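final_22.txt follows; it contains compact mmCIF, C-alpha atoms.
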# COMPACT_ATOMS: atom_id res chain seq x y z
CA MET A 1297 -14.56 13.46 10.20
CA ASN A 1298 -11.16 15.05 9.54
CA ARG A 1299 -8.89 14.45 6.56
CA ALA A 1300 -6.67 11.95 8.43
CA GLU A 1301 -9.71 9.88 9.42
CA ASN A 1302 -10.96 10.02 5.83
CA LEU A 1303 -7.61 8.73 4.60
CA LEU A 1304 -7.62 5.85 7.09
CA GLU A 1305 -11.17 5.00 6.05
CA ALA A 1306 -10.05 5.06 2.42
CA PHE A 1307 -7.24 2.67 3.35
CA ASP A 1308 -9.67 0.29 5.03
CA ASP A 1309 -11.98 0.43 1.99
CA LEU A 1310 -9.22 -0.01 -0.62
CA THR A 1311 -10.02 -2.82 -3.05
CA TRP A 1312 -8.95 -3.68 -6.57
CA GLU A 1313 -12.18 -2.17 -7.91
CA ASN A 1314 -11.78 1.24 -6.30
CA TYR A 1315 -8.02 1.13 -6.93
CA VAL A 1316 -8.78 1.38 -10.66
CA GLU A 1317 -11.07 4.38 -10.04
CA ILE A 1318 -8.50 6.05 -7.78
CA THR A 1319 -5.76 5.51 -10.35
CA GLN A 1320 -7.84 7.13 -13.07
CA SER A 1321 -8.63 10.03 -10.78
CA ILE A 1322 -5.10 10.78 -9.60
CA ALA A 1323 -3.54 10.28 -13.03
CA LEU A 1324 -5.93 12.75 -14.66
CA VAL A 1325 -4.26 15.98 -15.76
CA ASN A 1326 -6.06 19.22 -16.45
CA MET A 1327 -4.09 20.40 -19.47
CA ASP A 1328 -5.68 23.85 -19.18
CA ASN A 1329 -4.18 24.46 -15.74
CA ILE A 1330 -0.85 22.69 -15.38
CA ASP A 1331 0.34 25.18 -12.76
CA GLU A 1332 -2.53 24.24 -10.45
CA GLU A 1333 -1.86 20.56 -11.12
CA LEU A 1334 1.77 21.05 -10.10
CA VAL A 1335 0.75 22.82 -6.88
CA ARG A 1336 -1.78 20.12 -5.96
CA GLN A 1337 0.62 17.29 -6.81
CA SER A 1338 2.71 17.55 -3.64
CA SER A 1339 -0.21 17.26 -1.23
CA THR A 1340 -1.72 14.37 -3.19
CA TYR A 1341 1.65 12.62 -3.16
CA ALA A 1342 1.98 13.23 0.57
CA TYR A 1343 -1.46 11.74 1.29
CA TYR A 1344 -0.74 8.55 -0.62
CA SER A 1345 2.80 8.29 0.74
CA GLY A 1346 1.32 8.53 4.21
CA LEU A 1347 -1.16 5.79 3.42
CA LEU A 1348 1.70 3.70 2.08
CA ALA A 1349 3.47 4.12 5.43
CA VAL A 1350 0.28 3.06 7.25
CA ALA A 1351 0.02 0.02 4.98
CA LYS A 1352 3.65 -0.90 5.64
CA LYS A 1353 3.07 -0.67 9.40
CA LYS A 1354 -0.07 -2.80 9.19
CA MET A 1355 1.71 -5.32 6.98
CA ASP A 1356 4.61 -5.57 9.45
CA GLU A 1357 2.15 -5.97 12.34
CA ALA A 1358 0.23 -8.72 10.51
CA ASN A 1359 3.46 -10.56 9.71
CA LEU A 1360 4.61 -10.23 13.33
CA THR A 1361 1.28 -11.62 14.56
CA LEU A 1362 1.61 -14.57 12.16
CA THR A 1363 5.21 -15.24 13.20
CA THR A 1364 4.37 -14.97 16.91
CA PHE A 1365 1.38 -17.30 16.52
CA SER A 1366 3.51 -19.85 14.65
CA ALA A 1367 6.30 -19.79 17.23
CA GLN A 1368 3.92 -19.96 20.19
CA THR A 1369 1.92 -22.80 18.65
CA ARG A 1370 5.09 -24.79 17.89
CA LYS A 1371 6.32 -24.24 21.44
CA GLU A 1372 3.01 -25.36 22.96
CA LYS A 1373 2.82 -28.45 20.73
CA LYS A 1374 6.40 -29.39 21.54
CA SER A 1375 5.85 -29.09 25.29
CA SER A 1376 2.50 -30.93 25.26
CA THR A 1377 3.76 -34.00 23.40
CA ILE A 1378 6.06 -36.63 24.87
CA ALA A 1379 7.08 -37.96 21.46
CA LYS A 1380 9.83 -36.08 19.65
CA GLN A 1381 8.41 -33.78 16.98
CA THR A 1382 10.38 -32.94 13.86
CA ALA A 1383 10.42 -29.38 12.53
CA LYS A 1384 8.23 -30.60 9.66
CA ASP A 1385 5.74 -32.13 12.10
CA LEU A 1386 5.53 -28.86 14.01
CA ASP A 1387 5.16 -26.83 10.79
CA ASP A 1388 2.39 -29.15 9.61
CA PHE A 1389 0.60 -28.79 12.95
CA VAL A 1390 0.83 -24.98 12.86
CA GLU A 1391 -0.11 -24.63 9.20
CA ALA A 1392 -3.11 -26.95 9.55
CA SER A 1393 -4.73 -24.71 12.16
CA ASP A 1394 -7.61 -22.38 11.35
CA ASP A 1395 -5.88 -19.53 13.18
CA PHE A 1396 -2.81 -19.86 10.97
CA ARG A 1397 -5.04 -19.58 7.91
CA LEU A 1398 -6.78 -16.53 9.40
CA TYR A 1399 -3.50 -14.75 10.26
CA THR A 1400 -1.99 -15.63 6.89
CA GLN A 1401 -5.03 -14.27 5.05
CA LYS A 1402 -4.83 -11.04 7.05
CA ALA A 1403 -1.14 -10.70 6.12
CA ILE A 1404 -1.96 -11.34 2.46
CA ASP A 1405 -4.78 -8.77 2.48
CA VAL A 1406 -2.63 -6.06 4.07
CA SER A 1407 0.27 -6.88 1.74
CA SER A 1408 -2.07 -6.49 -1.21
CA LYS A 1409 -3.17 -3.04 -0.03
CA HIS A 1410 0.46 -2.11 0.54
CA ASN A 1411 1.30 -3.10 -3.04
CA LEU A 1412 -1.68 -1.18 -4.44
CA LEU A 1413 -0.63 1.94 -2.55
CA LYS A 1414 2.95 1.49 -3.72
CA SER A 1415 1.62 1.48 -7.27
CA LEU A 1416 -0.41 4.63 -6.64
CA VAL A 1417 2.64 6.44 -5.23
CA SER A 1418 4.61 5.31 -8.27
CA ALA A 1419 1.87 6.66 -10.54
CA LEU A 1420 2.08 9.98 -8.72
CA ASN A 1421 5.83 10.04 -9.30
CA HIS A 1422 5.21 9.48 -13.00
CA LYS A 1423 2.56 12.20 -13.01
CA LYS A 1424 4.99 14.65 -11.38
CA ASP A 1425 7.59 13.95 -14.05
CA MET A 1426 4.97 14.36 -16.75
CA LEU A 1427 3.71 17.65 -15.29
CA VAL A 1428 7.25 19.02 -15.08
CA GLN A 1429 7.84 18.08 -18.70
CA LEU A 1430 4.51 19.55 -19.83
CA SER A 1431 5.27 22.76 -17.96
CA SER A 1432 8.71 22.92 -19.53
CA ASN A 1433 7.26 22.31 -22.98
CA ARG A 1434 4.71 25.05 -22.43
CA ARG A 1435 7.41 27.54 -21.37
CA ALA A 1436 9.54 26.61 -24.39
CA GLU A 1437 6.53 27.04 -26.65
CA THR A 1438 5.79 30.45 -25.11
CA ASN A 1439 9.39 31.51 -25.70
CA LEU A 1440 9.10 30.56 -29.39
CA TYR A 1441 6.13 32.87 -29.86
CA SER A 1442 7.58 35.74 -27.83
CA ARG A 1443 10.61 36.17 -30.11

Turn this file's structure into structure tokens for me.
Amino acid sequence: MNRAENLLEAFDDLTWENYVEITQSIALVNMDNIDEELVRQSSTYAYYSGLLAVAKKKMDEANLTLTTFSAQTRKEKKSSTIAKQTAKDLDDFVEASDDFRLYTQKAIDVSSKHNLLKSLVSALNHKKDMLVQLSSNRRAETNLYSR
């Protein structure tokens, strides 16, 4: 399995429980080797930014499926009933269906993963800023002792 497949599998397996573990892992800084941390930061950021893009795409697809289902179901109900249906009647019919619940739950699940990944990318941004500051502090400290 290549790295891209591993990342997609990680996306599929993302839950609140492993989100906490991932957060602890990516936020960890090896204070003894800040230079290596800085070098590794960009690829880690890129991986999670890529996963965020995948999550956004899946979220958009799930929302499109939900919207399409709702519109199609309203249209079918309207054409199959002689009596005039109000917008509220059609909404109630759509929202009472099991399929609507299924599509809505899928959209909620993907949106949740999207938000978790957004938080991870934000944490990586914070880590980058922290690493830059730590590196700067270390250089300033070195300059104090070299004078």

As lines of an AutoDock Vina configuration file, please: the centre and edge lengths in Å, to one decimal, of an axis-aligned box enclosing every listed atom of region 1347-1366 of chain A with 8 Å added on each side.
center_x = 2.0
center_y = -7.0
center_z = 9.5
size_x = 22.4
size_y = 41.6
size_z = 30.8

- Find the distance between CA of Ala1306 (chain A) and CA of Met1355 (chain A) and write it in Å to one decimal. 16.3 Å

- Query: Taking into account only C-alpha atoms, which residue in the set A:His1410, A:Lys1384, A:Lys1423, A:Lys1353 is nearest to Leu1324 (chain A)?
  - Reply: A:Lys1423

- Message: Would you pick out the contacts of Asn1326 (chain A) at 12 Å or less, using only C-alpha atoms, so that residues sharing its chain but fewer than 6 positions from it are not included, and give the list as a list in words?
- Response: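 Within the cut-off, the hits are Glu1332, Glu1333, Leu1334, Arg1336, Gln1337, Lys1423, Leu1427, Leu1430 and Ser1431 of chain A.
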
Per residue of region 1370-1409 of chain A within 12 Å of region 1342-1352 of chain A, what are the shortest atom pair and its distance in Å to one decimal, counting only C-alpha atoms, with rows by chain and residue number, as a Markdown table?
| residue | atom | partner | partner_atom | distance |
| --- | --- | --- | --- | --- |
| A:Ala1403 | CA | A:Ala1351 | CA | 10.8 |
| A:Ile1404 | CA | A:Ala1351 | CA | 11.8 |
| A:Asp1405 | CA | A:Ala1351 | CA | 10.3 |
| A:Val1406 | CA | A:Ala1351 | CA | 6.7 |
| A:Ser1407 | CA | A:Ala1351 | CA | 7.6 |
| A:Ser1408 | CA | A:Ala1351 | CA | 9.2 |
| A:Lys1409 | CA | A:Ala1351 | CA | 6.7 |

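If all atoms listed in the file are the atoms counted, then among A:Ile1318, A:Ala1300, A:Asp1309, A:Ser1376 the closest residue to Leu1416 (chain A) is A:Ile1318.
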
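Shortest atom-to-atom contact with Asn1433 (chain A) among A:Ile1330, A:Ser1393, A:Leu1413, A:Thr1363: A:Ile1330, counting all atoms listed in the file.
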
- Task: Determine the nearest neighbour of Val1325 (chain A) from the options A:Met1426, A:Ala1436, A:Leu1360, A:Leu1412, counting only C-alpha atoms.
- Result: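 Nearest to Val1325 (chain A): A:Met1426.
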
- Note on the structure: One decimal place gives the CA of His1422 (chain A)-CA of Lys1354 (chain A) separation as 25.9 Å

- Nearest to Arg1370 (chain A): which of A:Asp1387, A:Glu1305, A:Asp1394, A:Glu1317 is it, counting all atoms listed in the file?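 Result for the nearest residue to Arg1370 (chain A): A:Asp1387.
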